[in-house]
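Raw contents of coords_29.cif, mmCIF, C-alpha atoms:
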data_work
#
loop_
_atom_site.label_atom_id
_atom_site.label_comp_id
_atom_site.auth_asym_id
_atom_site.auth_seq_id
_atom_site.Cartn_x
_atom_site.Cartn_y
_atom_site.Cartn_z
CA MET A 3 0.00 0.00 0.00
CA ALA A 4 1.41 3.38 -1.01
CA ARG A 5 2.33 5.70 1.81
CA ARG A 6 0.17 8.79 2.01
CA ARG A 7 1.97 12.13 1.91
CA ARG A 8 1.56 14.64 4.65
CA PRO A 9 -0.17 17.87 3.68
CA PRO A 10 2.15 20.89 3.57
CA ARG A 11 2.27 22.98 6.71
CA ALA A 12 0.44 26.28 6.68
CA GLY A 13 2.55 29.18 5.47
CA ALA A 14 5.24 26.96 4.00
CA ALA A 15 7.28 28.15 1.06
CA ASN A 16 5.86 25.44 -1.19
CA GLU A 17 2.50 27.23 -1.13
CA LEU A 18 3.98 29.93 -3.37
CA PRO A 19 4.65 29.46 -7.08
CA PRO A 20 8.35 28.76 -7.85
CA LEU A 21 8.66 31.74 -10.17
CA ARG A 22 7.30 34.04 -7.52
CA ILE A 23 9.78 32.68 -4.97
CA LEU A 24 12.68 33.19 -7.37
CA GLY A 25 11.48 36.70 -8.13
CA GLN A 26 11.28 37.62 -4.45
CA ILE A 27 14.73 36.17 -3.75
CA ALA A 28 16.19 38.10 -6.69
CA ALA A 29 14.50 41.29 -5.52
CA LEU A 30 15.82 40.92 -1.96
CA GLN A 31 19.32 40.10 -3.21
CA SER A 32 19.30 43.13 -5.51
CA ILE A 33 18.15 45.45 -2.73
CA TYR A 34 20.79 43.95 -0.40
CA TYR A 35 23.63 44.60 -2.84
CA ALA A 36 22.27 48.00 -3.89
CA ALA A 37 22.29 49.14 -0.27
CA ALA A 38 25.80 47.71 0.18
CA LEU A 39 27.11 49.52 -2.93
CA VAL A 40 25.64 52.87 -1.88
CA LEU A 41 26.85 52.64 1.72
CA MET A 42 30.29 51.33 0.79
CA LEU A 43 30.73 54.12 -1.76
CA PHE A 44 29.59 56.72 0.75
CA THR A 45 31.96 55.51 3.46
CA SER A 46 34.84 55.37 0.98
CA LEU A 47 34.25 58.95 -0.09
CA VAL A 48 33.99 60.15 3.51
CA ALA A 49 37.07 58.21 4.63
CA GLY A 50 39.03 59.21 1.52
CA THR A 51 39.85 55.62 0.54
CA ARG A 52 39.63 53.91 -2.83
CA PHE A 53 36.38 52.21 -3.66
CA SER A 54 36.32 48.80 -5.31
CA LEU A 55 33.94 45.89 -5.68
CA ASP A 56 36.13 43.93 -3.29
CA LEU A 57 34.44 45.84 -0.49
CA VAL A 58 31.11 44.29 -1.47
CA PHE A 59 32.00 40.92 -2.96
CA GLY A 60 35.22 40.26 -1.04
CA TRP A 61 36.01 39.19 2.47
CA ALA A 62 39.65 40.20 3.02
CA GLU A 63 38.83 43.81 4.00
CA LEU A 64 36.35 42.77 6.66
CA ARG A 65 38.76 42.32 9.57
CA GLY A 66 38.54 42.79 13.29
CA ASP A 67 41.98 44.40 13.81
CA THR A 68 41.43 47.57 11.76
CA THR A 69 39.05 50.50 11.98
CA GLN A 70 38.11 50.07 8.33
CA GLY A 71 37.15 46.46 9.01
CA TRP A 72 34.86 47.46 11.88
CA LEU A 73 33.31 50.16 9.71
CA MET A 74 32.58 47.61 7.00
CA GLY A 75 30.97 45.33 9.55
CA PHE A 76 28.71 48.15 10.64
CA VAL A 77 27.80 48.86 7.01
CA TRP A 78 26.78 45.23 6.49
CA LEU A 79 24.54 45.44 9.55
CA CYS A 80 22.93 48.55 8.08
CA CYS A 81 22.33 46.57 4.90
CA ALA A 82 20.61 43.95 7.06
CA GLY A 83 18.30 46.69 8.37
CA VAL A 84 17.42 47.70 4.81
CA THR A 85 16.73 44.03 4.03
CA VAL A 86 14.34 43.84 6.99
CA VAL A 87 12.23 46.65 5.53
CA ALA A 88 12.31 45.03 2.09
CA THR A 89 11.28 41.69 3.59
CA VAL A 90 8.26 43.21 5.32
CA ILE A 91 7.18 44.92 2.09
CA LEU A 92 7.89 42.13 -0.40
CA ILE A 93 7.31 38.98 1.66
CA GLY A 94 4.87 40.09 4.35
CA ARG A 95 4.56 36.63 5.95
CA SER A 96 6.39 35.86 9.16
CA LYS A 97 6.58 32.11 8.49
CA LEU A 98 8.64 32.69 5.34
CA VAL A 99 11.17 35.14 6.77
CA LEU A 100 13.60 32.46 7.99
CA ASP A 101 13.78 30.78 4.59
CA PHE A 102 14.35 33.99 2.67
CA ALA A 103 16.87 35.40 5.15
CA LEU A 104 19.01 32.27 5.17
CA SER A 105 18.78 32.01 1.38
CA LEU A 106 19.96 35.61 1.08
CA HIS A 107 23.09 35.06 3.16
CA PHE A 108 23.83 31.68 1.61
CA ILE A 109 23.73 33.19 -1.88
CA HIS A 110 26.03 35.97 -0.65
CA LEU A 111 28.46 33.33 0.62
CA VAL A 112 28.43 31.57 -2.77
CA ILE A 113 28.97 34.83 -4.68
CA VAL A 114 31.85 35.87 -2.40
CA THR A 115 33.47 32.45 -2.76
CA PHE A 116 33.26 32.54 -6.56
CA TYR A 117 34.41 36.16 -6.72
CA THR A 118 37.52 35.67 -4.59
CA GLY A 119 38.17 32.02 -5.40
CA PHE A 120 38.37 31.10 -1.71
CA ILE A 121 35.98 30.46 1.12
CA PRO A 122 36.04 33.39 3.58
CA ARG A 123 38.72 32.85 6.20
CA ASN A 124 38.30 35.86 8.43
CA ILE A 125 36.43 35.20 11.64
CA ALA A 126 35.15 38.77 11.56
CA TRP A 127 33.41 38.08 8.22
CA TRP A 128 31.64 35.01 9.57
CA ALA A 129 30.69 36.82 12.79
CA THR A 130 29.30 39.75 10.83
CA MET A 131 27.23 37.50 8.58
CA LEU A 132 25.95 35.60 11.62
CA VAL A 133 24.82 38.79 13.34
CA SER A 134 23.36 40.03 10.05
CA SER A 135 21.34 36.82 9.71
CA ILE A 136 20.01 37.15 13.26
CA VAL A 137 19.04 40.79 12.68
CA THR A 138 17.32 39.95 9.39
CA VAL A 139 15.37 37.01 10.81
CA THR A 140 14.37 38.74 14.04
CA GLY A 141 13.49 42.08 12.51
CA GLY A 142 11.73 40.57 9.51
CA THR A 143 9.66 38.22 11.65
CA TYR A 144 8.61 40.99 14.03
CA GLY A 145 7.78 43.36 11.18
CA CYS A 146 5.74 40.78 9.29
CA GLN A 147 3.84 39.80 12.43
CA TRP A 148 3.06 43.45 13.10
CA ARG A 149 1.81 43.76 9.53
CA GLU A 150 -0.27 40.59 9.77
CA LEU A 151 -1.93 41.67 13.03
CA ARG A 152 -2.94 45.11 11.80
CA PRO A 153 -6.73 45.54 11.59
CA ILE A 154 -8.17 45.44 8.10
CA SER A 155 -9.75 48.75 7.15
CA PHE A 156 -12.32 49.00 4.40
CA GLY A 157 -12.91 52.11 2.34
CA GLY A 158 -16.48 52.65 3.53
CA ASN A 159 -15.82 52.43 7.26
CA ALA A 160 -14.78 56.04 7.71
CA LYS A 161 -17.77 57.29 5.74
CA ASN A 162 -20.17 55.05 7.63
CA ASN A 163 -18.73 56.15 10.96
CA ASN A 164 -19.15 59.81 10.02
CA ASN A 165 -22.73 59.20 8.93
CA ALA A 166 -23.47 57.34 12.16
CA GLU A 167 -22.00 60.13 14.24
CA GLY A 168 -24.01 62.72 12.29
CA SER A 169 -27.21 60.73 12.72
CA ALA A 170 -26.63 60.34 16.45
CA GLU A 171 -25.98 64.07 16.85
CA ALA A 172 -29.09 64.94 14.85
CA ALA A 173 -31.15 62.52 16.91
CA ALA A 174 -29.88 64.10 20.13
CA GLN A 175 -30.79 67.58 18.92
CA ASN A 176 -34.24 66.41 17.85
CA GLY A 177 -34.73 64.75 21.22
CA THR A 178 -33.80 67.97 23.02
CA ALA A 179 -36.21 70.00 20.90
CA ALA A 180 -39.00 67.46 21.42
CA GLY A 181 -38.40 67.54 25.19
CA GLU A 182 -38.73 71.32 25.28
CA HIS A 183 -41.88 71.20 23.20
CA GLY A 184 -43.33 68.54 25.49
CA ASP A 185 -42.60 70.66 28.55
CA GLU A 186 -44.45 73.54 27.01
CA GLU A 187 -47.44 71.34 26.26
CA MET A 188 -47.47 70.10 29.87
CA GLY A 189 -47.67 73.64 31.12
CA PHE A 190 -44.02 74.42 31.83
CA SER A 191 -42.48 77.38 30.17
CA ARG A 192 -38.72 77.90 30.15
CA GLY A 193 -37.39 81.36 30.48
CA ARG A 194 -40.82 83.01 30.84
CA GLY A 195 -42.68 84.62 33.70
CA ARG A 196 -46.08 83.18 32.89
CA GLY A 197 -47.25 79.67 32.18
CA ARG A 198 -50.10 77.23 32.45
CA GLY A 199 -50.48 74.94 35.40
CA ARG A 200 -49.73 71.26 35.17
CA ASP A 201 -53.46 70.39 35.36
CA GLY A 202 -54.33 73.01 32.74
CA ALA A 203 -56.78 74.61 35.17
CA GLY A 204 -55.47 78.10 34.94
CA GLU A 205 -52.58 80.42 34.42
CA TYR A 206 -50.10 81.66 36.95
CA GLU A 207 -47.74 84.53 37.11
CA MET A 208 -44.46 84.73 38.93
CA VAL A 209 -44.38 87.89 41.09
CA GLY A 210 -41.45 89.07 43.11
CA MET A 211 -41.88 89.10 46.90
CA LYS A 212 -41.76 92.49 48.64
CA ASN A 213 -39.92 92.90 51.89
CA THR A 214 -42.52 94.28 54.38
CA GLY A 215 -40.16 94.35 57.30
CA ASP A 216 -40.38 92.66 60.65
CA ARG A 217 -43.67 92.63 62.40
#

Spell out the structure here as structure tokens.
Amino acid sequence: MARRRRPPRAGAANELPPLRILGQIAALQSIYYAAALVLMLFTSLVAGTRFSLDLVFGWAELRGDTTQGWLMGFVWLCCAGVTVVATVILIGRSKLVLDFALSLHFIHLVIVTFYTGFIPRNIAWWATMLVSSIVTVTGGTYGCQWRELRPISFGGNAKNNNNAEGSAEAAAQNGTAAGEHGDEEMGFSRGRGRGRGRDGAGEYEMVGMKNTGDR
């Protein structure tokens, strides 16, 4: 008897079409390298050093014994922050963040290895990529969960709420006017000196009392 396959878990990557997955990975990778190029170029211009693609696709400059190496590590962490924002916008599902984040850094490892011809040997490079992976996974998961838990707003809600508030205010004003009219019909008059008694038997007039002095 053939063994029955388990249904895929909810939110798994296999729920998405393969072309869409490849497109999202390519988009994240492009944003990751675009941010790295801009930040590396900016830091090179500020520091007055020569810019080269080795800063992006190499690993020899990322060292822990030089100030330039620490600066490059910080730049890669900033690129991880940019990737977090891109993940929330492009992916939007917290259950897929881990897969995309690890794929991003694994592809970067492959590209660096092919570009330099060697597997990265600096501990600082591996430590930076590890921290970058943690930042991407943690920040992306939190951001996607925040996006998933946001209340869904429909276009007509604001209009309906305004109409409801206007109707309630109009009803309150009408109720106030009706109450005043009812008081007048019952014989009470507001702001006047004369009025009709509650039993409708006759009229009365409010007269000020004179002080006659002590007797």

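Among the candidate residues A:Trp128, A:Leu73, A:Ala62, A:Val99, the one lying nearest to Phe44 of chain A is A:Leu73, with distances computed using all atoms listed in the file.
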
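Note that atom CA of Val139 of chain A and atom CA of Ala103 of chain A are 6.1 Å apart.
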
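Among the candidate residues A:Ile93, A:Ala126, A:Met131, A:Leu47, the one lying nearest to Phe108 of chain A is A:Met131, with distances computed using all atoms listed in the file.
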
Compare A:Thr68, A:Thr115, A:Gly94, A:Met42 by their minimum atom-to-atom distance to Ser54 of chain A, counting all atoms listed in the file, and give me the closest one. A:Met42

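Distance-wise, atom CA of Phe116 of chain A and atom CA of Ile136 of chain A end up 24.3 Å apart.
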
In Å, rounded to a single decimal, give me how far atom CA of Ser96 of chain A is from atom CA of Gln147 of chain A. 5.7 Å

Near-Ile27 of chain A list (12 Å; all atoms listed in the file; drop same-chain fewer than 6 positions) as a ChimeraX atom specification: /A:15,20-21,33-34,85,88-89,92-93,98-99,101-110

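Those residues returned by the PyMOL selection byres ((chain A and resi 127) around 10) for this file are Gly60, Trp61, Ala62, Glu63, Leu64, Arg65, Gly66, Gly71, Met74, Gly75, Trp78, Pro122, Arg123, Asn124, Ile125, Ala126, Trp128, Ala129, Thr130, Met131 and Leu132 of chain A.
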
Write out as an NGL selection string each polymer residue whose atoms come within 7 Å of Val137 of chain A, counting all atoms listed in the file; drop sequence neighbours fewer than 4 positions from it. :A and (82 or 133 or 141)

Could you tell me which residues the PyMOL selection byres ((chain A and resi 40) around 12) returns for this structure, as number ranges by chain? A: 33-39, 41-47, 53-55, 57-58, 77-78, 80-81, 84

If the PyMOL selection byres ((chain A and resi 146) around 7) were run on this exact file, what residues would it hold? Put them as a PDB file with C-alpha atoms, keeping the file's coordinate frame.
ATOM      1  CA  VAL A  90       8.260  43.210   5.320  1.00  0.00           C
ATOM      2  CA  GLY A  94       4.870  40.090   4.350  1.00  0.00           C
ATOM      3  CA  ARG A  95       4.560  36.630   5.950  1.00  0.00           C
ATOM      4  CA  SER A  96       6.390  35.860   9.160  1.00  0.00           C
ATOM      5  CA  GLY A 142      11.730  40.570   9.510  1.00  0.00           C
ATOM      6  CA  THR A 143       9.660  38.220  11.650  1.00  0.00           C
ATOM      7  CA  TYR A 144       8.610  40.990  14.030  1.00  0.00           C
ATOM      8  CA  GLY A 145       7.780  43.360  11.180  1.00  0.00           C
ATOM      9  CA  GLN A 147       3.840  39.800  12.430  1.00  0.00           C
ATOM     10  CA  TRP A 148       3.060  43.450  13.100  1.00  0.00           C
ATOM     11  CA  ARG A 149       1.810  43.760   9.530  1.00  0.00           C
ATOM     12  CA  GLU A 150      -0.270  40.590   9.770  1.00  0.00           C
TER      13      GLU A 150
END

Counting all atoms listed in the file, the option among A:Gln70, A:Lys97, A:Pro153, A:Phe59 closest to Gly119 of chain A: A:Phe59
